[in-house]
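Enquirer: For reference, the structure I am asking about is given below.
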Amino acid sequence: DNMDKIRSIYSRACVNHLPTKVDLHEQWAAFEEIQGDFDAAGKIFENLEKAHPELISLLLRRINLERRRGNNEKVSELYEAAIKAAPSKNIASEISIKFARFVRLHQNNAVQAGHVIQTAMETDPTNPKLYLQHVDILINTLPMDVPQVLAVINKALEQEMPEKQKLLFSQRKVEVLEDFGSD
């Protein structure tokens, strides 16, 4: 059958002829996922990660495969491993933001999402994206804890970051006070 022929071609190309060609492996994984074989697709990504541990994008593709598969436990496990393996605190923060979004939007757990961001802030306290993400989580949690939102913004304003970032946080603070403040 045609699908077996295609699978055979991908297998020969990736295993024998072009074992280091990342994009070809990614196409093979996509083909397997389309065929409904999530295990095969996951295995392809796993093998690629072993060959290219420096490519965080591969791990993120595998995370998204598991998310589409509905395997939330594996998604969380892979995110935590990716954060630990990140080559810099900046990349770890970017992955933490993606993980927090997953936890909040796919698992409907704002408290856990907040913990993910707070943990990232301990390692990367001057990253404005982490504070913005934390504010976003708090603003979208009902009932909204306005003092907590303001505390995160104030903490951001205390950090060593570019003046333009501080201006944005100051503007955000005014917006929060205007829209949700009690006086």
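By convention in this document, the chains of the structure tokens carry letters A, B, ... by their order, each chain's residues are numbered from 1, and ligands are numbered from 1 in the order they are shown.
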Would you kindly return, as a PyMOL selection string, each protein, DNA or RNA residue with an atom no farther than 12 Å from any atom of Gln133 (chain A), considering only C-alpha atoms and excluding same-chain residues fewer than 2 positions away?
Expert: chain A and resi 93-94+96-101+104+110+113-118+120-121+127-131+135-140+149+152-153+156
Enquirer: For the interface of region 35-114 of chain A with region 3-25 of chain A (cut-off 8 Å, counting only C-alpha atoms), please tabulate each contacting residue of region 35-114 of chain A alongside its nearest pair of atoms and their separation in Å to one decimal, rows sorted by chain and increasing number, as CSV.
Expert:
residue,atom,partner,partner_atom,distance
A:Ile44,CA,A:His25,CA,6.8
A:Phe45,CA,A:His25,CA,7.7
A:Leu48,CA,A:Val22,CA,7.2
A:Ala51,CA,A:Thr20,CA,7.9
Enquirer: With only C-alpha atoms as the atoms that count, which of A:Glu49, A:Glu54, A:Arg62, A:Leu142 lies nearest to Ala29 (chain A)?
Expert: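 Counting only C-alpha atoms, the residue closest to Ala29 (chain A) is A:Arg62.
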Enquirer: Determine, counting only C-alpha atoms, which protein, DNA and RNA residues have an atom within 9 Å of an atom of Glu46 (chain A); residues of the same chain fewer than 4 positions away are not included. Present the result as an mmCIF file with N, CA, C and O atoms, in the first residue's frame.
Expert:
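The resulting file, result15.cif, is shown below:
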data_model
loop_
_atom_site.group_PDB
_atom_site.id
_atom_site.type_symbol
_atom_site.label_atom_id
_atom_site.label_comp_id
_atom_site.auth_asym_id
_atom_site.auth_seq_id
_atom_site.Cartn_x
_atom_site.Cartn_y
_atom_site.Cartn_z
ATOM 1 N N ALA A 41 5.753 8.908 15.673
ATOM 2 C CA ALA A 41 6.150 10.318 15.579
ATOM 3 C C ALA A 41 6.962 10.720 16.809
ATOM 4 O O ALA A 41 8.007 11.369 16.689
ATOM 5 N N GLY A 42 6.502 10.315 17.976
ATOM 6 C CA GLY A 42 7.221 10.617 19.218
ATOM 7 C C GLY A 42 8.606 10.004 19.236
ATOM 8 O O GLY A 42 9.573 10.634 19.676
ATOM 9 N N LYS A 50 18.066 13.148 20.872
ATOM 10 C CA LYS A 50 19.315 12.519 21.329
ATOM 11 C C LYS A 50 20.475 12.950 20.437
ATOM 12 O O LYS A 50 21.573 13.196 20.911
ATOM 13 N N ALA A 51 20.215 13.048 19.135
ATOM 14 C CA ALA A 51 21.259 13.438 18.182
ATOM 15 C C ALA A 51 21.556 14.938 18.238
ATOM 16 O O ALA A 51 22.663 15.367 17.943
ATOM 17 N N LEU A 58 13.253 21.216 18.685
ATOM 18 C CA LEU A 58 12.823 19.814 18.542
ATOM 19 C C LEU A 58 12.003 19.381 19.749
ATOM 20 O O LEU A 58 10.974 18.729 19.605
ATOM 21 N N LEU A 59 12.484 19.749 20.921
ATOM 22 C CA LEU A 59 11.775 19.382 22.143
ATOM 23 C C LEU A 59 10.404 20.058 22.175
ATOM 24 O O LEU A 59 9.407 19.441 22.554
ATOM 25 N N ARG A 62 8.091 18.167 19.960
ATOM 26 C CA ARG A 62 7.652 16.930 20.617
ATOM 27 C C ARG A 62 6.611 17.234 21.693
ATOM 28 O O ARG A 62 5.620 16.501 21.841
#
Enquirer: Please indicate the distance in Å from CA of Lys166 (chain A) to CA of Ala151 (chain A), rounded to one decimal place.
Expert: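 CA of Ala151 (chain A) lies 14.4 Å from CA of Lys166 (chain A).
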Enquirer: Using only C-alpha atoms, can you tell me which of A:Leu150, A:Ala92, A:Thr126, A:Met144 comes closest to Val174 (chain A)?
Expert: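 Of the candidates, the smallest distance to Val174 (chain A) is held by A:Leu150.
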Enquirer: Could you please determine the separation between CA of Asp37 (chain A) and CA of Tyr79 (chain A) in Å, to one decimal place?
Expert: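 According to the coordinates, CA of Asp37 (chain A) and CA of Tyr79 (chain A) are separated by 22.0 Å.
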Enquirer: Could you state the separation of CA of Leu157 (chain A) and CA of Asp183 (chain A) in Å, given to one decimal place?
Expert: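 Interatomic distance here is 21.5 Å.
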Enquirer: Would you please work out which residue, of A:Glu33, A:Glu178, A:Glu26, A:Asp124, is nearest to Val146 (chain A) when using only C-alpha atoms?
Expert: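 The answer is A:Glu178, which sits nearest to Val146 (chain A).
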Enquirer: Per DSSP on the backbone, filter region 37-78 of chain A down to the residues in alpha helix (DSSP H) and report them as number ranges by chain.
Expert: A: 38-51, 56-69, 72-78
